$ cat model-v2.cif   # mmCIF, C-alpha atoms and all ligand atoms
data_structure
loop_
_atom_site.label_atom_id
_atom_site.label_comp_id
_atom_site.auth_asym_id
_atom_site.auth_seq_id
_atom_site.Cartn_x
_atom_site.Cartn_y
_atom_site.Cartn_z
CA MET L 1 -2.92 12.85 26.89
CA LYS L 2 -1.63 9.30 27.00
CA CYS L 3 -2.73 7.00 24.20
CA HIS L 4 -3.92 3.47 24.71
CA ASP L 5 -0.94 1.22 25.49
CA LYS L 6 0.79 0.27 22.24
CA LYS L 7 1.22 -3.35 23.28
CA SER L 8 -2.40 -3.90 24.12
CA SER L 9 -5.00 -4.04 21.38
CA ARG L 10 -6.11 -0.84 19.73
CA LEU L 11 -9.18 0.80 21.20
CA ILE L 12 -11.87 2.36 19.02
CA GLY L 13 -13.92 4.88 20.98
CA ILE L 14 -17.44 5.21 19.67
CA ILE L 15 -19.05 8.53 20.59
CA ALA L 16 -22.78 8.06 21.13
CA PRO L 17 -25.33 8.82 23.84
CA PHE L 18 -25.79 5.65 25.91
CA LYS L 19 -28.79 5.06 28.20
CA PRO L 20 -28.04 2.13 30.50
CA HIS L 21 -30.72 -0.29 31.73
CA VAL L 22 -33.01 -0.03 28.73
CA GLU L 23 -33.46 -2.61 25.99
CA LYS L 24 -31.90 -0.42 23.31
CA PRO L 25 -29.32 1.75 25.10
CA VAL L 26 -28.19 3.40 21.86
CA GLY L 27 -31.66 3.69 20.33
CA LYS L 28 -31.98 2.73 16.68
CA GLN L 29 -28.23 2.25 16.41
CA THR L 30 -28.13 -0.43 19.08
CA ASN L 31 -27.85 -3.41 16.71
CA LEU L 32 -25.39 -1.68 14.44
CA LEU L 33 -23.09 -0.67 17.28
CA LYS L 34 -23.32 -4.11 18.87
CA GLU L 35 -22.22 -5.61 15.58
CA PHE L 36 -19.48 -3.00 15.27
CA ILE L 37 -18.08 -3.86 18.71
CA SER L 38 -18.29 -7.61 17.97
CA ALA L 39 -16.52 -7.11 14.63
CA ALA L 40 -13.77 -5.12 16.38
CA GLN L 41 -13.33 -7.93 18.91
CA LEU L 42 -13.15 -10.48 16.10
CA PHE L 43 -10.22 -8.50 14.64
CA SER L 44 -8.54 -8.38 18.09
CA LEU L 45 -9.39 -4.74 18.66
CA SER L 46 -11.47 -3.30 21.45
CA ALA L 47 -14.32 -0.91 20.99
CA ALA L 48 -16.47 0.87 23.54
CA ILE L 49 -19.12 3.57 23.59
CA PHE L 50 -18.31 6.82 25.37
CA SER L 51 -20.08 10.09 25.87
CA PRO L 52 -18.10 13.05 24.54
CA GLU L 53 -18.04 14.47 28.09
CA SER L 54 -16.36 11.39 29.52
CA LEU L 55 -13.56 11.54 26.92
CA VAL L 56 -12.98 15.26 27.32
CA SER L 57 -12.65 14.96 31.10
CA ILE L 58 -10.46 11.88 30.89
CA SER L 59 -7.25 13.36 32.30
CA ALA L 60 -9.01 14.51 35.44
CA GLU L 61 -10.09 10.95 36.13
CA ASN L 62 -6.75 9.15 36.35
CA GLY L 63 -6.42 8.80 32.61
CA LYS L 64 -9.46 6.60 32.30
CA ALA L 65 -12.96 7.16 31.03
CA SER L 66 -16.17 5.28 31.69
CA GLY L 67 -17.72 3.63 28.71
CA TYR L 68 -19.76 0.63 27.65
CA THR L 69 -18.65 -2.42 25.75
CA LEU L 70 -19.91 -5.93 25.12
CA ALA L 71 -19.07 -9.04 27.10
CA GLY L 72 -20.53 -11.73 24.87
CA SER L 73 -23.85 -10.24 23.95
CA GLU L 74 -24.32 -8.25 27.19
CA TRP L 75 -23.48 -4.61 27.80
CA LYS L 76 -20.80 -4.03 30.39
CA LYS L 77 -19.63 -0.82 32.02
CA VAL L 78 -15.85 -0.40 31.78
CA ARG L 79 -13.16 2.12 32.54
CA LEU L 80 -10.68 2.46 29.73
CA PRO L 81 -7.77 4.67 28.73
CA ILE L 82 -8.00 7.22 25.94
CA PRO L 83 -9.02 5.57 22.65
CA ASP L 84 -6.61 5.32 19.72
CA VAL L 85 -9.24 6.37 17.23
CA ILE L 86 -12.78 7.74 17.34
CA TYR L 87 -15.91 6.64 15.49
CA ASP L 88 -18.46 9.44 15.79
CA ARG L 89 -22.05 8.16 15.97
CA TYR L 90 -23.45 10.99 18.05
CA TYR L 91 -26.86 12.23 16.92
CA SER L 92 -27.94 15.46 18.46
CA ASP L 93 -31.60 15.66 19.38
CA ILE L 94 -31.76 19.39 18.88
CA CYS L 95 -32.67 20.78 15.48
CA GLY L 96 -29.43 22.44 14.49
CA PHE L 97 -25.93 22.49 15.82
CA ASP L 98 -25.11 21.30 19.28
CA GLU L 99 -22.20 23.70 19.73
CA VAL L 100 -21.25 22.20 23.08
CA VAL L 101 -20.84 18.69 21.67
CA GLU L 102 -19.18 19.96 18.47
CA ASN L 103 -16.61 21.87 20.55
CA MET L 104 -15.85 18.74 22.55
CA LYS L 105 -15.33 16.76 19.34
CA ARG L 106 -13.09 19.46 17.91
CA ALA L 107 -11.00 19.41 21.08
CA LEU L 108 -10.70 15.60 20.98
CA SER L 109 -9.77 15.60 17.30
CA ARG L 110 -6.62 17.59 18.10
CA SER L 111 -5.14 14.56 19.81
CA ILE L 112 -7.08 11.54 18.50
CA PRO L 113 -7.71 10.64 14.85
CA PHE L 114 -11.36 10.50 13.84
CA ILE L 115 -12.70 7.99 11.29
CA ASN L 116 -14.68 10.90 9.82
CA PRO L 117 -13.14 14.37 10.09
CA VAL L 118 -15.11 16.66 12.43
CA GLN L 119 -15.29 19.30 9.71
CA LEU L 120 -17.05 16.83 7.42
CA THR L 121 -19.75 16.11 9.96
CA GLU L 122 -20.32 19.83 10.51
CA THR L 123 -20.51 20.63 6.79
CA VAL L 124 -22.87 17.89 5.73
CA THR L 125 -25.31 18.30 8.61
CA ASP L 126 -26.40 21.78 7.53
CA LYS L 127 -28.19 21.42 4.18
CA LEU L 128 -27.84 25.12 3.38
CA ARG L 129 -24.12 25.15 3.97
CA PHE L 130 -23.73 21.81 2.20
CA TYR L 131 -25.43 23.08 -0.94
CA GLU L 132 -23.03 26.05 -1.12
CA PHE L 133 -20.11 23.72 -0.51
CA MET L 134 -21.17 21.32 -3.30
CA THR L 135 -21.66 24.22 -5.71
CA GLU L 136 -18.09 25.34 -5.03
CA LYS L 137 -16.99 21.80 -5.83
CA SER L 138 -19.06 21.77 -9.08
CA VAL L 139 -21.10 18.79 -7.88
CA LEU L 140 -24.67 18.96 -9.20
CA SER L 141 -27.16 19.54 -6.34
CA PRO L 142 -30.73 20.89 -6.28
CA ARG L 143 -30.70 24.68 -6.20
CA ILE L 144 -31.63 26.46 -2.97
CA ILE L 145 -34.39 28.97 -3.64
CA ALA L 146 -34.78 30.50 -0.17
CA ASP L 147 -32.94 30.03 3.11
CA SER L 148 -36.17 30.09 5.16
CA ILE L 149 -39.90 29.76 4.53
CA PRO L 150 -41.23 33.01 3.02
CA GLY L 151 -43.16 35.18 5.44
CA THR L 152 -45.03 37.60 3.19
CA GLU L 153 -47.22 37.24 0.13
CA ALA L 154 -44.63 39.07 -2.00
CA GLU L 155 -41.88 36.69 -0.86
CA TRP L 156 -44.08 33.68 -1.64
CA LYS L 157 -44.86 35.01 -5.10
CA ASN L 158 -41.18 35.46 -5.81
CA VAL L 159 -40.36 31.90 -4.69
CA LEU L 160 -43.29 30.35 -6.56
CA ASN L 161 -42.30 32.13 -9.76
CA GLN L 162 -38.97 30.37 -9.88
CA LYS L 163 -40.06 26.75 -10.32
CA ASP L 164 -43.29 24.80 -10.63
CA GLY L 165 -42.06 22.15 -8.19
CA LEU L 166 -40.58 23.15 -4.84
CA ILE L 167 -39.36 21.32 -1.77
CA VAL L 168 -39.64 22.85 1.68
CA LYS L 169 -37.61 20.87 4.20
CA PRO L 170 -35.83 21.20 7.53
CA ARG L 171 -32.38 22.71 7.17
CA PHE L 172 -31.08 20.01 9.51
CA GLY L 173 -32.54 16.70 8.29
CA LEU L 174 -35.05 14.72 10.33
CA MET L 175 -34.99 11.46 8.35
CA GLY L 176 -37.68 12.49 5.91
CA ARG L 177 -39.86 14.25 8.51
CA GLY L 178 -41.01 17.74 7.63
CA VAL L 179 -40.49 17.50 3.86
CA ILE L 180 -43.21 19.32 1.89
CA ARG L 181 -43.60 19.18 -1.88
CA ILE L 182 -45.33 22.16 -3.49
CA HIS L 183 -46.56 21.72 -7.06
CA ILE L 184 -48.04 24.57 -9.01
CA LEU L 185 -50.97 23.24 -11.02
CA PRO L 186 -52.78 25.06 -13.84
CA ALA L 187 -54.93 28.06 -12.78
CA ARG L 188 -52.47 28.80 -9.93
CA ILE L 189 -53.66 25.99 -7.72
CA TYR L 190 -51.01 24.98 -5.23
CA GLN L 191 -50.78 21.34 -4.31
CA LEU L 192 -49.02 20.45 -1.07
CA HIS L 193 -47.80 16.97 -0.34
CA LEU L 194 -46.78 16.50 3.27
CA ALA L 195 -46.18 13.13 4.93
CA MET L 196 -49.11 11.02 3.64
CA LYS L 197 -51.43 13.94 2.85
CA ILE L 198 -52.13 15.93 -0.27
CA LEU L 199 -54.00 19.23 -0.08
CA ARG L 200 -54.85 21.85 -2.64
CA VAL L 201 -55.21 25.56 -1.99
CA ASN L 202 -55.77 28.39 -4.41
CA SER L 203 -54.08 31.39 -2.88
CA THR L 204 -50.68 32.17 -1.42
CA ALA L 205 -52.43 33.23 1.80
CA GLU L 206 -53.91 29.74 2.21
CA LEU L 207 -50.63 28.17 1.25
CA ASN L 208 -48.89 30.25 3.86
CA GLY L 209 -51.47 29.32 6.50
CA ALA L 210 -51.22 25.57 5.79
CA ILE L 211 -47.43 25.62 5.96
CA ASP L 212 -47.47 27.72 9.11
CA TYR L 213 -49.75 25.21 10.79
CA PHE L 214 -47.53 22.31 9.72
CA VAL L 215 -44.31 24.00 10.84
CA GLU L 216 -45.78 24.92 14.22
CA SER L 217 -47.15 21.42 14.75
CA MET L 218 -43.58 20.16 14.43
CA GLY L 219 -42.44 22.63 17.09
CA LEU L 220 -40.20 24.36 14.55
CA SER L 221 -40.04 27.84 13.04
CA ARG L 222 -39.82 29.14 9.46
CA ASN L 223 -36.10 29.71 9.85
CA ASP L 224 -35.56 26.01 10.51
CA PHE L 225 -36.49 25.27 6.88
CA ILE L 226 -35.06 25.83 3.42
CA VAL L 227 -36.81 25.99 0.06
CA GLN L 228 -35.20 24.04 -2.75
CA GLU L 229 -36.01 23.31 -6.40
CA GLU L 230 -37.68 19.92 -6.72
CA ILE L 231 -35.89 17.46 -8.95
CA ARG L 232 -38.50 15.60 -10.94
CA ILE L 233 -37.67 11.92 -11.09
CA PRO L 234 -38.98 9.30 -13.52
CA GLY L 235 -41.85 6.98 -12.61
CA ASN L 236 -44.85 7.54 -10.39
CA ARG L 237 -43.29 6.90 -7.01
CA TYR L 238 -40.72 8.90 -5.14
CA PHE L 239 -37.37 7.24 -4.73
CA ASP L 240 -33.79 8.12 -3.98
CA ILE L 241 -30.56 6.21 -4.36
CA ARG L 242 -28.39 5.59 -1.31
CA CYS L 243 -24.73 4.87 -1.97
CA LEU L 244 -22.34 3.91 0.80
CA ILE L 245 -18.68 4.69 0.22
CA GLN L 246 -16.05 3.86 2.82
CA ARG L 247 -12.34 3.54 3.34
CA ASN L 248 -11.16 0.05 4.11
CA GLY L 249 -8.37 -1.58 6.11
CA THR L 250 -5.70 -0.43 3.66
CA GLY L 251 -6.96 3.14 3.74
CA LEU L 252 -8.34 2.92 0.20
CA MET L 253 -11.75 4.12 -0.94
CA GLU L 254 -14.27 1.33 -1.47
CA PHE L 255 -17.74 1.53 -2.97
CA THR L 256 -19.54 -0.65 -0.45
CA GLY L 257 -23.04 -0.72 -1.88
CA MET L 258 -26.06 0.94 -3.47
CA VAL L 259 -29.74 0.62 -2.63
CA VAL L 260 -32.83 2.29 -4.02
CA ARG L 261 -35.23 3.57 -1.37
CA CYS L 262 -38.74 3.75 -2.63
CA ALA L 263 -41.68 5.59 -1.07
CA THR L 264 -44.97 3.89 -0.31
CA ARG L 265 -47.82 4.92 -2.60
CA HIS L 266 -49.01 8.06 -0.79
CA ALA L 267 -45.81 9.13 0.93
CA ALA L 268 -43.95 12.32 0.06
CA THR L 269 -40.53 10.80 0.82
CA PRO L 270 -38.85 7.41 0.51
CA ASN L 271 -37.04 7.48 3.85
CA ILE L 272 -37.21 4.08 5.55
CA ASP L 273 -38.37 5.88 8.71
CA GLN L 274 -41.36 7.17 6.73
CA GLY L 275 -42.39 3.68 5.61
CA GLY L 276 -40.15 3.60 2.52
CA PHE L 277 -38.83 0.25 1.34
CA ALA L 278 -35.49 -0.88 -0.02
CA MET L 279 -35.04 -2.21 -3.54
CA ASP L 280 -32.16 -3.72 -5.43
CA PRO L 281 -31.13 -1.03 -7.99
CA GLU L 282 -30.93 -3.50 -10.88
CA ALA L 283 -34.53 -4.69 -10.38
CA TRP L 284 -35.81 -1.20 -9.64
CA PHE L 285 -34.30 0.47 -12.71
CA GLN L 286 -35.57 -2.30 -14.94
CA SER L 287 -39.15 -1.41 -14.00
CA ALA L 288 -39.01 2.30 -13.10
CA LEU L 289 -36.62 3.45 -15.81
CA PRO L 290 -37.09 1.10 -18.73
CA GLY L 291 -34.85 1.90 -21.67
CA PRO L 292 -31.30 2.32 -20.49
CA ASN L 293 -29.30 -0.71 -19.51
CA PRO L 294 -29.59 -0.95 -15.68
CA SER L 295 -25.96 -1.87 -15.20
CA GLU L 296 -24.85 1.21 -17.17
CA LEU L 297 -27.14 3.35 -15.06
CA ILE L 298 -25.72 1.83 -11.88
CA GLU L 299 -22.21 2.51 -13.11
CA HIS L 300 -23.15 6.12 -13.91
CA LEU L 301 -24.58 6.59 -10.40
CA ARG L 302 -21.60 4.89 -8.77
CA LYS L 303 -19.16 7.19 -10.60
CA SER L 304 -21.20 10.28 -9.66
CA ALA L 305 -21.14 9.26 -5.99
CA GLU L 306 -17.40 8.59 -6.06
CA THR L 307 -16.72 11.93 -7.77
CA ALA L 308 -18.72 13.74 -5.07
CA TYR L 309 -16.90 11.82 -2.30
CA SER L 310 -13.49 12.74 -3.69
CA ALA L 311 -14.56 16.36 -4.24
CA ILE L 312 -15.61 16.66 -0.59
CA GLU L 313 -12.33 15.10 0.53
CA THR L 314 -10.33 17.86 -1.18
CA THR L 315 -11.54 20.13 1.64
CA THR L 316 -12.12 17.81 4.57
CA GLY L 317 -9.25 15.34 4.17
CA ASN L 318 -9.82 11.59 4.05
CA ILE L 319 -13.34 10.42 4.84
CA GLY L 320 -13.94 7.08 6.54
CA GLU L 321 -17.51 6.64 5.40
CA LEU L 322 -20.28 8.59 3.79
CA GLY L 323 -23.85 7.75 2.82
CA LEU L 324 -24.69 9.73 -0.32
CA ASP L 325 -28.32 10.26 -1.34
CA LEU L 326 -28.72 10.74 -5.08
CA LEU L 327 -31.59 11.61 -7.39
CA ILE L 328 -31.72 11.01 -11.14
CA ASP L 329 -33.95 12.95 -13.54
CA ASN L 330 -35.47 11.98 -16.88
CA ASN L 331 -32.32 13.09 -18.70
CA TYR L 332 -30.16 10.92 -16.42
CA ASN L 333 -28.62 13.91 -14.68
CA VAL L 334 -27.49 12.80 -11.25
CA TYR L 335 -27.97 15.18 -8.31
CA LEU L 336 -26.36 14.87 -4.92
CA LEU L 337 -29.17 15.47 -2.48
CA GLU L 338 -27.33 15.05 0.77
CA ALA L 339 -24.46 13.26 2.39
CA ASN L 340 -24.66 11.52 5.73
CA ALA L 341 -21.54 11.32 7.85
CA LYS L 342 -23.22 8.82 10.21
CA PRO L 343 -24.88 6.52 7.71
CA GLY L 344 -27.29 3.84 8.86
CA ARG L 345 -27.42 0.35 7.36
CA PHE L 346 -31.18 -0.18 7.52
CA ALA L 347 -31.64 -0.35 3.75
CA PHE L 348 -29.01 -3.07 3.37
CA GLN L 349 -30.48 -4.92 6.31
CA ARG L 350 -33.95 -4.82 4.74
CA LEU L 351 -32.66 -6.39 1.56
CA SER L 352 -30.74 -9.04 3.45
CA THR L 353 -33.75 -10.20 5.45
CA GLY L 354 -36.76 -8.93 3.50
CA TYR L 355 -39.75 -11.07 2.85
CA GLY L 356 -40.09 -12.21 -0.77
CA PHE L 357 -36.51 -11.63 -1.88
CA GLU L 358 -34.60 -14.52 -3.36
CA ASP L 359 -31.86 -16.17 -1.32
CA GLY L 360 -29.02 -15.11 -3.61
CA LEU L 361 -30.00 -11.45 -3.30
CA LYS L 362 -30.40 -11.70 0.47
CA ARG L 363 -26.95 -13.26 0.80
CA ARG L 364 -25.44 -10.53 -1.40
CA TYR L 365 -26.92 -7.79 0.79
CA ALA L 366 -26.01 -9.58 4.02
CA ALA L 367 -22.40 -9.61 2.76
CA ILE L 368 -22.59 -5.89 1.87
CA ARG L 369 -23.96 -5.09 5.30
CA ALA L 370 -21.26 -7.13 7.05
CA ARG L 371 -18.63 -5.39 4.93
CA SER L 372 -20.16 -1.99 5.79
CA ILE L 373 -19.50 -2.71 9.47
CA GLU L 374 -16.08 -4.29 8.97
CA ASN L 375 -14.75 -1.36 6.89
CA PRO L 376 -14.83 1.33 9.60
CA VAL L 377 -13.39 -1.18 12.11
CA LEU L 378 -10.44 -1.94 9.84
CA TYR L 379 -10.03 1.64 8.69
CA GLY L 380 -10.06 2.61 12.37
CA ARG L 381 -7.20 0.17 12.98
CA PHE L 382 -5.37 1.54 9.94
CA LEU L 383 -5.72 5.10 11.29
CA ALA L 384 -4.68 4.09 14.79
CA ASN L 385 -1.51 2.55 13.39
CA THR L 386 -0.64 5.33 10.97
CA GLU L 387 -1.87 8.52 12.63
CA ARG L 388 -0.92 8.33 16.26
CA LYS L 389 -1.08 11.84 17.60
CA ASP L 390 0.99 11.37 20.75
CA LYS L 391 1.27 14.37 22.95
N1 LIG I 401 -34.74 18.96 -3.97
C1 LIG I 401 -35.40 17.82 -3.96
N2 LIG I 401 -35.98 17.34 -5.08
C2 LIG I 401 -36.68 16.19 -5.07
N3 LIG I 401 -36.88 15.44 -3.96
C3 LIG I 401 -36.34 15.89 -2.80
C4 LIG I 401 -35.57 17.09 -2.73
N4 LIG I 401 -35.18 17.27 -1.46
C5 LIG I 401 -35.68 16.24 -0.76
N5 LIG I 401 -36.37 15.41 -1.55
C6 LIG I 401 -37.05 14.17 -1.14
O1 LIG I 401 -37.16 14.15 0.27
C7 LIG I 401 -36.38 13.09 0.82
C8 LIG I 401 -35.69 13.57 2.10
O2 LIG I 401 -34.86 14.68 1.83
P1 LIG I 401 -33.36 14.78 2.35
O3 LIG I 401 -32.77 16.05 1.86
O4 LIG I 401 -32.63 13.53 2.00
O5 LIG I 401 -33.60 14.94 3.93
P2 LIG I 401 -33.52 13.92 5.17
O6 LIG I 401 -32.31 14.37 5.90
O7 LIG I 401 -34.79 14.17 5.92
O8 LIG I 401 -33.39 12.52 4.63
C9 LIG I 401 -35.42 12.68 -0.28
O9 LIG I 401 -35.08 11.32 -0.21
C10 LIG I 401 -36.22 12.97 -1.54
O10 LIG I 401 -37.09 11.91 -1.85
MG MG I 402 -32.04 11.78 3.13
#
$ encode --input "model-v2.cif" --output "structure tokens" --more "lines below"
Ligand SMILES: Nc1ncnc2c1ncn2[C@@H]1O[C@H](COP(=O)(O)OP(=O)(O)O)[C@@H](O)[C@H]1O
Ligand SMILES: [Mg+2]
Amino acid sequence: MKCHDKKSSRLIGIIAPFKPHVEKPVGKQTNLLKEFISAAQLFSLSAAIFSPESLVSISAENGKASGYTLAGSEWKKVRLPIPDVIYDRYYSDICGFDEVVENMKRALSRSIPFINPVQLTETVTDKLRFYEFMTEKSVLSPRIIADSIPGTEAEWKNVLNQKDGLIVKPRFGLMGRGVIRIHILPARIYQLHLAMKILRVNSTAELNGAIDYFVESMGLSRNDFIVQEEIRIPGNRYFDIRCLIQRNGTGLMEFTGMVVRCATRHAATPNIDQGGFAMDPEAWFQSALPGPNPSELIEHLRKSAETAYSAIETTTGNIGELGLDLLIDNNYNVYLLEANAKPGRFAFQRLSTGYGFEDGLKRRYAAIRARSIENPVLYGRFLANTERKDK
């Protein structure tokens, strides 16, 4: 495989499904990837979106692959040589592993450096596997109680005996969709919180029936879910803490930013896709966790996220970027809930444009967001210059 000509500018190949002729060819990532390509151009690099298939079959097509880039603000179809580095932004629309795509990525990673190692993406996507991995690394994570939804009354009883707060959620995350909270109330009443609804049942048979109905309505099966202990967080609204850690243009780790995502009043999860809103951690902790100094709490969370990032890297090798979702309990224990190898920037964007925020805060988050896009561009250039895998 011949790499992009050394004399010409470095090419970052973004892997993502691209649908031409629609307003948002890369779906929800369209703005982000447009900004990524523009940032690359600003730093005299090129960047284009390719399907994994087009890169894998590149040699058969005269050493060039079809992709899409920007000319000004318009999408343009181009034929380009093999990229110098790959930025993986491919979301599979199947619930679980897309073995075909993963195999293509593995094959590409033998000759082209990836901003995020392929192994990282595979490990963090599967919440069951990720939990085992984090336990090996001694990073605190909520305990897995069952690797699928119980099927019999006896299995339910066993699961319900272990904790009075449980989370049932898809093993492969769906941005907050499909998360069920089960609380055991006095007199063995089971309270289910799913999406915006709360229901109470008083037998495991009813509980089983309600969950069955919910799972089927999502087109999923019991084996697509895991059962986890619920971490009880302070305050009366659900929230999680999103930290973005990246490597920058010198290859060093950088803590890019932290945002609190807070659920709307009746929602079971704080995901932005489920109506959750973004909050500045300082302001949020002042009201939701009065007592400790917010900046000490932020420092504590930042350190926990960095420790988890470095622990993961001991197995996967250097990571280009990772979105870490944290929870904090009443005793200030920090739990790593999940890690996202293809982190979005919606939460930062919300704070940079949100109605009612003061200008200083908006500017701070606009700068964080810009930095969050610049970092993988510059780290990509760093990798292209230091890790050429010529064949
Ligand atoms: N074990 C848990 N304890 C407490 N809350 C949880 C737990 N697991 C998930 N949640 C809640 O559900 C949300 C979504 O779960 P997460 O594992 O991040 O999946 P997704 O991939 O759908 O974002 C979290 O932000 C958190 O609010
Ligand atoms: Mg999440």
$ residues_around --input "model-v2.cif" --residues "Gly67 in chain L" --least-positions-apart "5" --cutoff "7 Å" --atoms "all atoms listed in the file" --output "number ranges by chain"
L: 48-50, 77-79
$ write_last_selection --input "model-v2.cif" --atoms "C-alpha atoms" --output "mmCIF file, in the frame of the given file"
data_model
loop_
_atom_site.group_PDB
_atom_site.id
_atom_site.type_symbol
_atom_site.label_atom_id
_atom_site.label_comp_id
_atom_site.auth_asym_id
_atom_site.auth_seq_id
_atom_site.Cartn_x
_atom_site.Cartn_y
_atom_site.Cartn_z
ATOM 1 C CA ALA L 48 -16.470 0.870 23.540
ATOM 2 C CA ILE L 49 -19.120 3.570 23.590
ATOM 3 C CA PHE L 50 -18.310 6.820 25.370
ATOM 4 C CA LYS L 77 -19.630 -0.820 32.020
ATOM 5 C CA VAL L 78 -15.850 -0.400 31.780
ATOM 6 C CA ARG L 79 -13.160 2.120 32.540
#
$ residues_around --input "model-v2.cif" --residues "range 108-116 of chain L" --least-positions-apart "6" --cutoff "7 Å" --atoms "all atoms listed in the file" --output "count of residues only"
13
$ residues_around --input "model-v2.cif" --residues "range 328-333 of chain L" --least-positions-apart "6" --cutoff "12 Å" --atoms "all atoms listed in the file" --output "PyMOL selection string"
chain L and resi 139-142+230-235+238-242+260+285+288-292+294+296-298+300-301+304-305
$ closest_residue --input "model-v2.cif" --among "L:Pro150, L:Asn318, L:Lys303, L:Asn161" --to "Gln119 in chain L" --atoms "all atoms listed in the file"
L:Asn318
$ residues_around --input "model-v2.cif" --residues "Lys34 in chain L" --least-positions-apart "4" --cutoff "9 Å" --atoms "all atoms listed in the file" --output "PyMOL selection string"
chain L and resi 29-30+38-39+69-70+73+75
$ build_atoms --input "model-v2.cif" --residues "range 367-382 of chain L" --atoms "N, CA and C atoms" --output "CSV table (one decimal), keeping the file's coordinate frame"
chain,number,residue,atom,x,y,z
L,367,ALA,N,-23.9,-9.8,2.9
L,367,ALA,CA,-22.4,-9.6,2.8
L,367,ALA,C,-22.0,-8.1,2.7
L,368,ILE,N,-22.9,-7.3,2.0
L,368,ILE,CA,-22.6,-5.9,1.9
L,368,ILE,C,-22.7,-5.3,3.3
L,369,ARG,N,-23.8,-5.7,4.0
L,369,ARG,CA,-24.0,-5.1,5.3
L,369,ARG,C,-22.8,-5.5,6.2
L,370,ALA,N,-22.4,-6.7,6.2
L,370,ALA,CA,-21.3,-7.1,7.0
L,370,ALA,C,-20.0,-6.3,6.7
L,371,ARG,N,-19.8,-6.1,5.4
L,371,ARG,CA,-18.6,-5.4,4.9
L,371,ARG,C,-18.7,-3.9,5.4
L,372,SER,N,-20.0,-3.4,5.4
L,372,SER,CA,-20.2,-2.0,5.8
L,372,SER,C,-19.8,-1.8,7.3
L,373,ILE,N,-19.8,-2.8,8.0
L,373,ILE,CA,-19.5,-2.7,9.5
L,373,ILE,C,-18.0,-3.0,9.7
L,374,GLU,N,-17.5,-3.9,8.9
L,374,GLU,CA,-16.1,-4.3,9.0
L,374,GLU,C,-15.2,-3.1,8.5
L,375,ASN,N,-15.6,-2.4,7.5
L,375,ASN,CA,-14.8,-1.4,6.9
L,375,ASN,C,-14.3,-0.3,7.9
L,376,PRO,N,-15.3,0.3,8.6
L,376,PRO,CA,-14.8,1.3,9.6
L,376,PRO,C,-14.0,0.7,10.7
L,377,VAL,N,-14.2,-0.5,11.1
L,377,VAL,CA,-13.4,-1.2,12.1
L,377,VAL,C,-11.9,-1.2,11.6
L,378,LEU,N,-11.8,-1.7,10.4
L,378,LEU,CA,-10.4,-1.9,9.8
L,378,LEU,C,-9.8,-0.6,9.5
L,379,TYR,N,-10.6,0.3,9.0
L,379,TYR,CA,-10.0,1.6,8.7
L,379,TYR,C,-9.6,2.3,10.0
L,380,GLY,N,-10.4,2.1,11.0
L,380,GLY,CA,-10.1,2.6,12.4
L,380,GLY,C,-8.7,2.1,12.8
L,381,ARG,N,-8.5,0.8,12.6
L,381,ARG,CA,-7.2,0.2,13.0
L,381,ARG,C,-6.1,0.8,12.1
L,382,PHE,N,-6.3,0.9,10.8
L,382,PHE,CA,-5.4,1.5,9.9
L,382,PHE,C,-5.0,2.9,10.4
